[in-house]
Structure formats: structure tokens, C-alpha cells
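Listing of final.txt, compact mmCIF, C-alpha atoms
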# COMPACT_ATOMS: atom_id res chain seq x y z
CA GLY A 1 105.96 121.74 88.95
CA GLU A 2 103.92 118.66 89.79
CA ASN A 3 103.08 118.10 93.44
CA VAL A 4 101.52 114.99 95.00
CA GLU A 5 99.87 115.12 98.41
CA GLN A 6 99.06 111.90 100.24
CA HIS A 7 96.74 111.36 103.22
CA PRO A 8 96.68 110.13 105.86
CA SER A 9 100.28 109.79 107.00
CA THR A 10 99.30 106.95 109.35
CA LEU A 11 96.26 104.68 109.11
CA SER A 12 95.32 102.08 111.69
CA VAL A 13 92.53 99.61 110.85
CA GLN A 14 91.15 96.43 112.38
CA GLU A 15 92.05 93.23 110.59
CA GLY A 16 89.31 92.41 108.11
CA ASP A 17 88.22 96.03 107.67
CA SER A 18 88.90 98.19 104.62
CA ALA A 19 91.61 100.82 104.22
CA VAL A 20 91.56 103.83 101.92
CA ILE A 21 94.54 106.07 101.10
CA LYS A 22 94.05 109.22 99.06
CA CYS A 23 96.36 111.27 96.86
CA THR A 24 95.90 114.51 94.98
CA TYR A 25 98.04 115.83 92.16
CA SER A 26 98.42 119.29 90.68
CA ASP A 27 99.36 118.83 87.00
CA SER A 28 96.46 117.77 84.78
CA ALA A 29 98.97 116.42 82.23
CA SER A 30 99.88 113.55 84.59
CA ASN A 31 99.00 110.32 82.80
CA TYR A 32 100.05 107.40 85.01
CA PHE A 33 99.49 106.72 88.70
CA PRO A 34 101.25 103.78 90.40
CA TRP A 35 100.99 102.63 94.00
CA TYR A 36 103.93 101.08 95.79
CA LYS A 37 104.13 99.04 98.98
CA GLN A 38 107.32 99.19 101.02
CA GLU A 39 107.98 96.68 103.77
CA LEU A 40 110.67 97.21 106.36
CA GLY A 41 114.15 96.76 104.92
CA LYS A 42 112.93 96.35 101.35
CA GLY A 43 112.60 98.51 98.28
CA PRO A 44 109.16 99.76 97.14
CA GLN A 45 107.15 97.17 95.25
CA LEU A 46 104.60 98.10 92.60
CA ILE A 47 101.21 96.72 93.67
CA ILE A 48 98.77 98.37 91.26
CA ASP A 49 98.72 101.20 88.75
CA ILE A 50 96.22 103.10 86.64
CA ARG A 51 96.49 105.15 83.48
CA SER A 52 94.68 108.40 82.88
CA ASN A 53 92.20 106.89 80.41
CA VAL A 54 90.80 104.49 83.03
CA GLY A 55 88.61 105.32 86.03
CA GLU A 56 89.04 102.20 88.15
CA LYS A 57 91.20 99.09 88.28
CA LYS A 58 90.96 96.05 90.56
CA ASP A 59 93.32 93.25 91.48
CA GLN A 60 91.86 90.86 94.06
CA ARG A 61 91.61 92.81 97.34
CA ILE A 62 93.24 95.96 95.95
CA ALA A 63 91.61 98.62 93.81
CA VAL A 64 92.57 102.08 92.59
CA THR A 65 90.17 104.81 91.49
CA LEU A 66 91.03 107.93 89.52
CA ASN A 67 89.04 111.15 89.30
CA LYS A 68 90.73 113.27 86.63
CA THR A 69 88.37 116.21 87.08
CA ALA A 70 89.16 116.52 90.76
CA LYS A 71 92.78 115.39 90.21
CA HIS A 72 92.78 112.75 92.88
CA PHE A 73 93.25 109.01 93.05
CA SER A 74 92.77 106.51 95.85
CA LEU A 75 93.97 103.08 96.92
CA HIS A 76 91.37 100.74 98.43
CA ILE A 77 92.33 97.58 100.30
CA THR A 78 89.47 95.32 101.38
CA GLU A 79 89.51 92.52 103.97
CA THR A 80 92.84 93.71 105.35
CA GLN A 81 95.30 91.12 106.60
CA PRO A 82 98.39 91.38 108.85
CA GLU A 83 100.67 91.15 105.80
CA ASP A 84 99.15 94.39 104.47
CA SER A 85 101.04 96.29 107.19
CA ALA A 86 103.60 98.44 105.38
CA VAL A 87 104.22 101.95 104.06
CA TYR A 88 102.29 102.77 100.90
CA PHE A 89 103.39 105.42 98.39
CA CYS A 90 101.39 106.96 95.58
CA ALA A 91 103.04 108.62 92.61
CA ALA A 92 102.07 110.58 89.50
CA ARG A 93 103.95 110.49 86.22
CA ILE A 94 104.60 113.70 84.34
CA ASN A 95 107.19 114.17 81.60
CA TYR A 96 108.80 110.75 82.12
CA GLN A 97 109.27 111.39 85.84
CA LEU A 98 107.48 109.99 88.87
CA ILE A 99 106.52 112.50 91.55
CA TRP A 100 106.03 110.73 94.86
CA GLY A 101 103.69 111.24 97.77
CA ALA A 102 105.10 111.29 101.29
CA GLY A 103 103.79 107.85 102.19
CA THR A 104 101.14 106.30 104.45
CA LYS A 105 102.03 103.89 107.22
CA LEU A 106 99.27 101.27 107.34
CA ILE A 107 98.90 99.38 110.61
CA ILE A 108 96.64 96.33 110.77
CA LYS A 109 95.40 95.67 114.30
CA PRO A 110 94.69 92.02 115.21
CA GLU B 1 112.85 87.29 85.64
CA ALA B 2 115.64 88.23 88.00
CA GLY B 3 115.09 91.42 89.96
CA VAL B 4 117.23 94.52 90.38
CA ALA B 5 120.44 93.59 92.18
CA GLN B 6 122.17 96.00 94.53
CA SER B 7 125.27 95.75 96.67
CA PRO B 8 126.31 96.12 99.36
CA ARG B 9 123.20 95.83 101.54
CA TYR B 10 124.70 97.83 104.37
CA LYS B 11 127.63 100.22 104.71
CA ILE B 12 128.96 102.20 107.64
CA ILE B 13 131.59 104.85 106.99
CA GLU B 14 133.03 107.86 108.72
CA LYS B 15 132.28 111.36 107.46
CA ARG B 16 134.65 112.57 104.75
CA GLN B 17 135.26 109.00 103.56
CA SER B 18 134.15 107.79 100.15
CA VAL B 19 131.70 105.02 99.29
CA ALA B 20 130.36 103.36 96.15
CA PHE B 21 127.17 101.45 95.45
CA TRP B 22 126.51 99.05 92.61
CA CYS B 23 123.32 98.25 90.74
CA ASN B 24 122.45 95.69 88.06
CA PRO B 25 119.01 96.35 86.55
CA ILE B 26 116.58 93.86 85.06
CA SER B 27 117.87 92.52 81.75
CA GLY B 28 116.62 94.60 78.84
CA HIS B 29 115.57 97.57 80.95
CA ALA B 30 116.91 100.68 79.27
CA THR B 31 116.13 103.16 82.03
CA LEU B 32 117.89 103.12 85.39
CA TYR B 33 117.24 105.35 88.38
CA TRP B 34 119.08 106.07 91.61
CA TYR B 35 116.96 107.27 94.52
CA GLN B 36 117.83 108.45 98.00
CA GLN B 37 115.35 107.59 100.75
CA ILE B 38 115.83 109.21 104.14
CA LEU B 39 114.14 107.44 107.03
CA GLY B 40 110.43 108.28 107.16
CA GLN B 41 110.34 109.98 103.77
CA GLY B 42 109.49 109.05 100.21
CA PRO B 43 112.17 108.29 97.62
CA LYS B 44 113.96 111.27 96.08
CA LEU B 45 115.31 110.90 92.55
CA LEU B 46 119.05 111.54 92.30
CA ILE B 47 119.75 110.59 88.71
CA GLN B 48 118.06 108.91 85.76
CA PHE B 49 119.85 107.13 82.90
CA GLN B 50 118.45 106.14 79.52
CA ASN B 51 120.88 103.46 78.31
CA ASN B 52 124.26 105.04 79.15
CA GLY B 53 123.14 108.67 78.86
CA VAL B 54 121.99 110.92 81.71
CA VAL B 55 118.37 112.07 81.35
CA ASP B 56 117.99 113.95 84.62
CA ASP B 57 120.52 114.71 87.34
CA SER B 58 119.02 117.97 88.55
CA GLN B 59 118.80 116.79 92.17
CA LEU B 60 122.20 115.13 92.33
CA PRO B 61 124.64 117.03 94.62
CA LYS B 62 127.35 117.06 92.00
CA ASP B 63 130.02 118.44 94.32
CA ARG B 64 130.08 115.09 96.14
CA PHE B 65 127.92 112.59 94.24
CA SER B 66 128.72 110.99 90.91
CA ALA B 67 127.15 108.16 88.94
CA GLU B 68 127.94 106.29 85.77
CA ARG B 69 126.43 103.63 83.54
CA LEU B 70 129.20 103.08 81.06
CA LYS B 71 127.90 100.15 79.03
CA GLY B 72 124.22 100.90 79.44
CA VAL B 73 123.73 97.99 81.84
CA ASP B 74 124.97 98.14 85.43
CA SER B 75 125.65 101.37 87.27
CA THR B 76 127.65 102.74 90.17
CA LEU B 77 126.84 105.66 92.47
CA LYS B 78 129.68 107.24 94.41
CA ILE B 79 129.79 109.69 97.29
CA GLN B 80 133.04 111.52 98.02
CA PRO B 81 133.39 112.93 100.64
CA ALA B 82 130.40 111.69 102.65
CA LYS B 83 128.53 113.89 105.10
CA LEU B 84 126.38 112.91 108.07
CA GLU B 85 123.24 113.95 106.17
CA ASP B 86 123.99 111.38 103.47
CA SER B 87 122.83 108.65 105.86
CA ALA B 88 119.93 107.07 103.97
CA VAL B 89 118.89 104.09 101.90
CA TYR B 90 120.06 104.31 98.29
CA LEU B 91 117.63 102.59 95.98
CA CYS B 92 118.20 101.58 92.40
CA ALA B 93 115.26 101.00 90.07
CA SER B 94 114.82 100.16 86.41
CA SER B 95 112.07 100.29 83.80
CA ARG B 96 111.72 99.17 80.20
CA ALA B 97 112.15 102.55 78.62
CA GLN B 98 111.72 106.21 79.38
CA GLY B 99 108.69 106.48 77.21
CA ALA B 100 107.02 103.31 78.48
CA ILE B 101 104.10 103.94 80.77
CA ASP B 102 104.75 101.29 83.36
CA GLY B 103 106.08 100.96 86.85
CA TYR B 104 109.60 100.79 88.10
CA THR B 105 111.16 97.71 89.69
CA PHE B 106 113.25 98.52 92.73
CA GLY B 107 116.16 96.73 94.29
CA SER B 108 116.35 96.16 98.06
CA GLY B 109 118.62 99.16 98.50
CA THR B 110 121.88 99.93 100.28
CA ARG B 111 121.55 101.34 103.78
CA LEU B 112 124.33 103.87 104.34
CA THR B 113 125.21 105.12 107.80
CA VAL B 114 127.71 107.98 108.05
CA VAL B 115 129.19 108.44 111.53

Using C-alpha cells, write down the structure that the file contains.
Amino acid sequence: GENVEQHPSTLSVQEGDSAVIKCTYSDSASNYFPWYKQELGKGPQLIIDIRSNVGEKKDQRIAVTLNKTAKHFSLHITETQPEDSAVYFCAARINYQLIWGAGTKLIIKP
Amino acid sequence: EAGVAQSPRYKIIEKRQSVAFWCNPISGHATLYWYQQILGQGPKLLIQFQNNGVVDDSQLPKDRFSAERLKGVDSTLKIQPAKLEDSAVYLCASSRAQGAIDGYTFGSGTRLTVV
């Protein structure tokens, strides 16, 4: 079945720097790739997503890139701010189901 | 639009007791999901409903867990009897339809502690 690997498990960056989180998936039939942000005590919140017919999508400081040939997609956060500190999850959709990565804890150092 | 509502927010029970969680999805969302999230891990799908029918319950421990969505709107998830390893956050999510390629909206979850 589909498997999603996410790296790194923890990422610490200086405030103002960029952060990149990478995910790989195994099933080439996956057609939708959302990214969720989960703050302490809250449910995951969808922050950006990309469909398989698009290579890149941006929303202000957040961008996602998709490489279908290599079967990997990445989340890019520029000009990081303290409020970006959270756990980030990637996921891949196959057959109406979301397969989740294990999560990345992003720490923004002041 | 109003978000996904869940209650209670927290619950502490002793092992072998029973517990129930409630979820009200976003109005008009046909698909409803229950996830279990153990501390430090990603969400694990327990059951998926399309309207009031079960689409996938392959990872639901059916000897102790049950869920229903009788009128195709709100849903309840029950655990009976609870075990220590059931301690987790139980998240409810909804989406427009099973076939829609869009994201899920999650509730804030119910944190269950089994002692």
C-alpha cells in the first residue's frame, strides 16, 4: 500500500530563515498532497495543498513543490516567525484516503 | 462557516470503563472521519463515513470501538471497555465528499486519558 516518509522529524531554524520539510510517497497514483500544521492542543489545520497536475503552489510565505517523477514533495516556509513553531504533517491521497507522514516538529529560535 | 465541533475536550476514565465522544461536522460535509492520534505520532484513521454509511473501518478495533452516524450529520465514537493504550487524542474531521479532492477540516479533538 501507499507509504509516506517525512524528514526531518525535528527542524530548528533561526527566526527569519527558511525551513524546508520533505516527503516521499510510494504510489504513483497518488493525486493530492496536503500539508497540515498542528499547534499544541489543537487539531491539524490545512495550510496548503497541491494536486498532481501542478508542480508548485505558493501562498504568501508558504510554498509547496511536487516532483512526480521522483515521487516527492516539499514544504517551504520563508522568513520564519515564532508563530510558525508547530508540528507539520504531509499527506498523500490515494483511493479516497489520506496517508500521513510521521510529522516534523519545527522550532523557531529567537 | 462554523468549524467541526467536538465534545468533550478532555476525559479521564479508569480502564475497563466506557466512554463516548461526539462530533458535529461542517454543515453540508458528506464525509466524516474519526482519527486516533497518540502523543508524538501522526493521525491514524479509525473510521470513515460517507453520509450515514461506513466507507472504511479496517483499522477500527471492533471488539471495543464502535461508531455511528445515524442521520448522516453528527457522529459518536464509543470505546467499551477502555484499555490503557487507548489514551490518545480522538480527532474528528469532515470534507465535502469522498470524491472531492480537497483537504479535511479537523475539530480540536478529545484528549482521553485512561488510568

Exercise: segment 79-93 of chain A partners within 9 Å, only C-alpha atoms, chain neighbours under 2 positions left out, as a PyMOL selection string: (chain A and resi 2-6+10+13-19+21-23+25+29-40+44+61+73-75+77+95-110) or (chain B and resi 42+101)

Close residues, segment 5-11 of chain B itself excluded, 12 Å, all atoms listed in the file, min 4 positions apart in chain, as number ranges by chain: A: 41-43; B: 1, 17-27, 32, 34, 73-77, 82, 86-94, 105-115

What's the separation between atom CA of Gly28 of chain B and atom CA of Leu60 of chain B, in Å to one decimal place?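 Distance reported for this atom pair: 25.2 Å.
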
Using only C-alpha atoms for the distances, tell me which of A:Ser12, A:Gln45, A:Thr78, A:Thr24 is nearest to Lys58 of chain A. A:Thr78

Just checking: using only C-alpha atoms, which residue out of B:Ser66, B:Gln80, B:Gln41, B:Thr31 ends up closest to chain A? B:Gln41
